[in-house]
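Asks: Quick one: the structure is below, and I'll ask about it shortly.
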Amino acid sequence: MLQEVAAWTGMTAEFTHISEGQARVADQDVSLCAVLLAEVCNIELEPVTRKDRPALTRSRLSWVQQNYLRAETLTRANARLVDYHAQLSLAQAYGGGEAASADGLRFIVPVRTINAAPNEKYFPGGRGVTYYNFICNQFSGFHGLVVPGALKDSPYILEGCWSSRQACGPWR
C-alpha cells in the first residue's frame, strides 16, 4: 500500500542521498518504502528484510536508512503527501486547508537525552518532552515537533506554523 501511495504522490523522489544528491539505485522506491514502514511501525529492519530480493537485503535497507532518511527529506516527502491529500475531493469537502490546529502530548522520558528536561508541573520528579502535532481543517497532519519539557510551548508552536507555512504553502 505504501508503494502505491508513493507512486501516486512521487514522495520517494524527495529522499535524496546525503552526499551525492541525485544518486539512485535499482528499486530504490522498494527499499525506501520498506525502511519507512519499519520506522513508522517502530520495528527493526528484520521484519521487512528478504534475502531473495536485492532491494530488501539487510545491508541495502540499512544503507538507505542511514543515507536517505533525514529530517529535511521526511519533511519534503510529507509535503508531497499533504499536497496530494489537499487535492482529494473528500478533503476539500472539509475545507480549503487554511485553518490549522496544534495539540501536544506530554511524555515522561526515563533516560537522559538532549530533548528531555525537568518540569515539576508536568513531570513531577522526572524529565520529559512534549510532542506537538499540527493538523489542518482537511484533516491532514502537516508538521510535528518535539519540545523539551522545561521550555514554554508557544514559541515552538509559532515556529511550527511558520516553518510549515514556508515549506508547504498556506497551512500545507
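Lettering and numbering for the C-alpha cells are positional, with chains as A, B, ... in the shown order, residues counted from 1 in each chain, and ligands counted from 1 in the shown order.
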Excluding same-chain residues fewer than 5 positions from region 94-107 of chain A, what lies within 8 Å of it counting only C-alpha atoms, as a PDB file with N, CA, C and O atoms, in the first residue's frame?

Replies:
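What follows is the written file result.pdb:
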```pdb
ATOM      1  N   ALA A  86      -4.633  17.286  -0.181  1.00  0.00           N
ATOM      2  CA  ALA A  86      -5.411  18.527  -0.310  1.00  0.00           C
ATOM      3  C   ALA A  86      -6.213  18.564  -1.606  1.00  0.00           C
ATOM      4  O   ALA A  86      -7.233  19.255  -1.683  1.00  0.00           O
ATOM      5  N   TYR A 122       4.545  19.203  35.002  1.00  0.00           N
ATOM      6  CA  TYR A 122       4.107  18.123  34.125  1.00  0.00           C
ATOM      7  C   TYR A 122       4.810  16.793  34.376  1.00  0.00           C
ATOM      8  O   TYR A 122       4.259  15.735  34.064  1.00  0.00           O
ATOM      9  N   GLY A 128      10.952  15.157  30.875  1.00  0.00           N
ATOM     10  CA  GLY A 128      10.027  14.796  29.821  1.00  0.00           C
ATOM     11  C   GLY A 128      10.106  15.695  28.611  1.00  0.00           C
ATOM     12  O   GLY A 128      10.900  16.632  28.552  1.00  0.00           O
ATOM     13  N   VAL A 129       9.249  15.388  27.639  1.00  0.00           N
ATOM     14  CA  VAL A 129       9.136  16.152  26.406  1.00  0.00           C
ATOM     15  C   VAL A 129       7.662  16.319  26.066  1.00  0.00           C
ATOM     16  O   VAL A 129       6.807  15.613  26.574  1.00  0.00           O
ATOM     17  N   THR A 130       7.407  17.276  25.187  1.00  0.00           N
ATOM     18  CA  THR A 130       6.074  17.443  24.630  1.00  0.00           C
ATOM     19  C   THR A 130       6.191  17.262  23.131  1.00  0.00           C
ATOM     20  O   THR A 130       7.065  17.843  22.500  1.00  0.00           O
ATOM     21  N   TYR A 131       5.334  16.425  22.570  1.00  0.00           N
ATOM     22  CA  TYR A 131       5.288  16.243  21.125  1.00  0.00           C
ATOM     23  C   TYR A 131       4.094  17.021  20.606  1.00  0.00           C
ATOM     24  O   TYR A 131       2.962  16.788  21.022  1.00  0.00           O
ATOM     25  N   TYR A 132       4.343  17.977  19.723  1.00  0.00           N
ATOM     26  CA  TYR A 132       3.273  18.776  19.118  1.00  0.00           C
ATOM     27  C   TYR A 132       2.995  18.283  17.707  1.00  0.00           C
ATOM     28  O   TYR A 132       3.918  18.055  16.924  1.00  0.00           O
ATOM     29  N   ASN A 133       1.714  18.120  17.402  1.00  0.00           N
ATOM     30  CA  ASN A 133       1.271  17.737  16.080  1.00  0.00           C
ATOM     31  C   ASN A 133       0.392  18.850  15.527  1.00  0.00           C
ATOM     32  O   ASN A 133      -0.449  19.385  16.237  1.00  0.00           O
ATOM     33  N   PHE A 134       0.600  19.193  14.268  1.00  0.00           N
ATOM     34  CA  PHE A 134      -0.168  20.242  13.605  1.00  0.00           C
ATOM     35  C   PHE A 134      -1.060  19.590  12.556  1.00  0.00           C
ATOM     36  O   PHE A 134      -0.603  18.754  11.785  1.00  0.00           O
ATOM     37  N   ILE A 135      -2.323  19.994  12.519  1.00  0.00           N
ATOM     38  CA  ILE A 135      -3.281  19.426  11.580  1.00  0.00           C
ATOM     39  C   ILE A 135      -4.119  20.551  10.983  1.00  0.00           C
ATOM     40  O   ILE A 135      -4.445  21.511  11.667  1.00  0.00           O
ATOM     41  N   CYS A 136      -4.419  20.441   9.688  1.00  0.00           N
ATOM     42  CA  CYS A 136      -5.241  21.468   9.049  1.00  0.00           C
ATOM     43  C   CYS A 136      -6.699  21.017   9.001  1.00  0.00           C
ATOM     44  O   CYS A 136      -7.016  19.887   9.361  1.00  0.00           O
ATOM     45  N   ASN A 137      -7.578  21.904   8.551  1.00  0.00           N
ATOM     46  CA  ASN A 137      -9.001  21.586   8.554  1.00  0.00           C
ATOM     47  C   ASN A 137      -9.386  20.573   7.477  1.00  0.00           C
ATOM     48  O   ASN A 137     -10.541  20.205   7.363  1.00  0.00           O
ATOM     49  N   GLN A 138      -8.421  20.084   6.717  1.00  0.00           N
ATOM     50  CA  GLN A 138      -8.671  18.987   5.788  1.00  0.00           C
ATOM     51  C   GLN A 138      -8.277  17.651   6.422  1.00  0.00           C
ATOM     52  O   GLN A 138      -8.217  16.638   5.755  1.00  0.00           O
ATOM     53  N   PHE A 139      -7.988  17.685   7.716  1.00  0.00           N
ATOM     54  CA  PHE A 139      -7.595  16.503   8.482  1.00  0.00           C
ATOM     55  C   PHE A 139      -6.297  15.896   7.977  1.00  0.00           C
ATOM     56  O   PHE A 139      -6.143  14.685   7.892  1.00  0.00           O
ATOM     57  N   ILE A 157       5.222  26.464  18.912  1.00  0.00           N
ATOM     58  CA  ILE A 157       4.002  26.381  18.118  1.00  0.00           C
ATOM     59  C   ILE A 157       4.068  27.397  16.979  1.00  0.00           C
ATOM     60  O   ILE A 157       3.754  27.081  15.831  1.00  0.00           O
ATOM     61  N   PRO A 170       0.207  27.886   2.371  1.00  0.00           N
ATOM     62  CA  PRO A 170      -0.711  28.255   3.462  1.00  0.00           C
ATOM     63  C   PRO A 170      -1.289  27.027   4.156  1.00  0.00           C
ATOM     64  O   PRO A 170      -2.184  26.378   3.640  1.00  0.00           O
ATOM     65  N   TRP A 171      -0.713  26.691   5.285  1.00  0.00           N
ATOM     66  CA  TRP A 171      -1.117  25.560   6.138  1.00  0.00           C
ATOM     67  C   TRP A 171      -0.939  24.217   5.452  1.00  0.00           C
ATOM     68  O   TRP A 171      -1.492  23.233   5.881  1.00  0.00           O
ATOM     69  N   ARG A 172      -0.182  24.200   4.360  1.00  0.00           N
ATOM     70  CA  ARG A 172       0.134  22.923   3.724  1.00  0.00           C
ATOM     71  C   ARG A 172       1.606  22.919   3.415  1.00  0.00           C
ATOM     72  O   ARG A 172       2.231  23.849   3.176  1.00  0.00           O
TER      73      ARG A 172
END
```

Asks: With 12 Å as the cut-off and only C-alpha atoms counted, what is the closest atom pair between each nearby residue of region 37-152 of chain A and region 20-29 of chain A? Distances in Å to one decimal, ordered by chain and number, as CSV.

Replies:
```
residue,atom,partner,partner_atom,distance
A:Arg53,CA,A:Asp27,CA,9.9
A:Pro54,CA,A:Asp27,CA,8.5
A:Ala55,CA,A:Asp27,CA,5.9
A:Leu56,CA,A:Asp27,CA,9.3
A:Thr57,CA,A:Asp27,CA,11.9
A:Arg60,CA,A:Gln28,CA,9.4
A:Leu61,CA,A:Gln28,CA,9.6
A:Trp63,CA,A:Gln28,CA,11.0
A:Val64,CA,A:Gln28,CA,8.3
A:Gln65,CA,A:Gln28,CA,11.4
A:Asn67,CA,A:Glu20,CA,9.6
A:Tyr68,CA,A:Gly21,CA,9.6
A:Thr73,CA,A:Gly21,CA,11.2
```

Asks: Could you tell me how far CA of Val48 (chain A) lies from CA of Ala34 (chain A), in Å and to one decimal?

Replies: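 So the answer is 6.0 Å.
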
Asks: Quick one: pick out all strand (DSSP E) residues within chain A from a backbone DSSP run and write them as number ranges by chain.

Replies: A: 100-108, 117-119, 123-136, 141-148

Asks: Please dump the current selection as a CSV table (one decimal), in the first residue's frame; keep C-alpha atoms.

Replies:
```csv
chain,number,residue,atom,x,y,z
A,100,ALA,CA,-5.0,24.7,11.5
A,101,SER,CA,-4.7,23.4,15.0
A,102,ALA,CA,-1.8,22.3,17.2
A,103,ASP,CA,-2.0,19.9,20.1
A,104,GLY,CA,0.6,18.4,22.3
A,105,LEU,CA,1.2,15.2,24.2
A,106,ARG,CA,3.5,15.1,27.1
A,107,PHE,CA,5.7,12.1,27.8
A,108,ILE,CA,7.9,11.2,30.7
A,117,ALA,CA,14.1,18.3,30.6
A,118,PRO,CA,12.7,18.6,34.2
A,119,ASN,CA,9.3,20.3,34.7
A,123,PHE,CA,6.8,15.6,35.1
A,124,PRO,CA,7.0,15.5,38.9
A,125,GLY,CA,10.4,14.3,39.9
A,126,GLY,CA,11.3,13.4,36.3
A,127,ARG,CA,12.2,14.7,32.9
A,128,GLY,CA,10.0,14.8,29.8
A,129,VAL,CA,9.1,16.2,26.4
A,130,THR,CA,6.1,17.4,24.6
A,131,TYR,CA,5.3,16.2,21.1
A,132,TYR,CA,3.3,18.8,19.1
A,133,ASN,CA,1.3,17.7,16.1
A,134,PHE,CA,-0.2,20.2,13.6
A,135,ILE,CA,-3.3,19.4,11.6
A,136,CYS,CA,-5.2,21.5,9.0
A,141,GLY,CA,-1.1,16.4,9.6
A,142,PHE,CA,1.4,18.8,8.2
A,143,HIS,CA,4.0,19.1,10.9
A,144,GLY,CA,5.2,17.7,14.2
A,145,LEU,CA,8.0,18.6,16.6
A,146,VAL,CA,9.4,17.7,20.0
A,147,VAL,CA,9.6,20.4,22.7
A,148,PRO,CA,12.0,19.9,25.7
```

Asks: With distances taken over only C-alpha atoms, which of A:Asn78, A:Gln87, A:Thr49, A:Asn115 is nearest to Gly10 (chain A)?

Replies: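 Nearest to Gly10 (chain A): A:Asn78.
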
Asks: From the list A:Ser31, A:Gln3, A:Thr16, A:Ser140, which residue is nearest Arg58 (chain A) when using only C-alpha atoms?

Replies: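 Closest to Arg58 (chain A), using only C-alpha atoms: A:Ser31.
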
Asks: Go through A:Tyr84, A:Tyr156, A:Phe15, A:Trp8 one by one, measure the shortest atom-to-atom distance of each to Leu36 (chain A) using only C-alpha atoms, and give the residue with the smallest value.

Replies: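 Closest candidate: A:Phe15.
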
Asks: Per DSSP on the backbone, what are the helix (DSSP H, G or I) residues of chain A, as a ChimeraX atom specification?

Replies: /A:2-9,11-14,28-40,46-48,54-56,58-68,71-86,89-94,154-168

Asks: CA of Glu72 (chain A) and CA of Glu159 (chain A) are how many Å apart?

Replies: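 Taking CA of Glu72 (chain A) and CA of Glu159 (chain A), their separation equals 15.6 Å.
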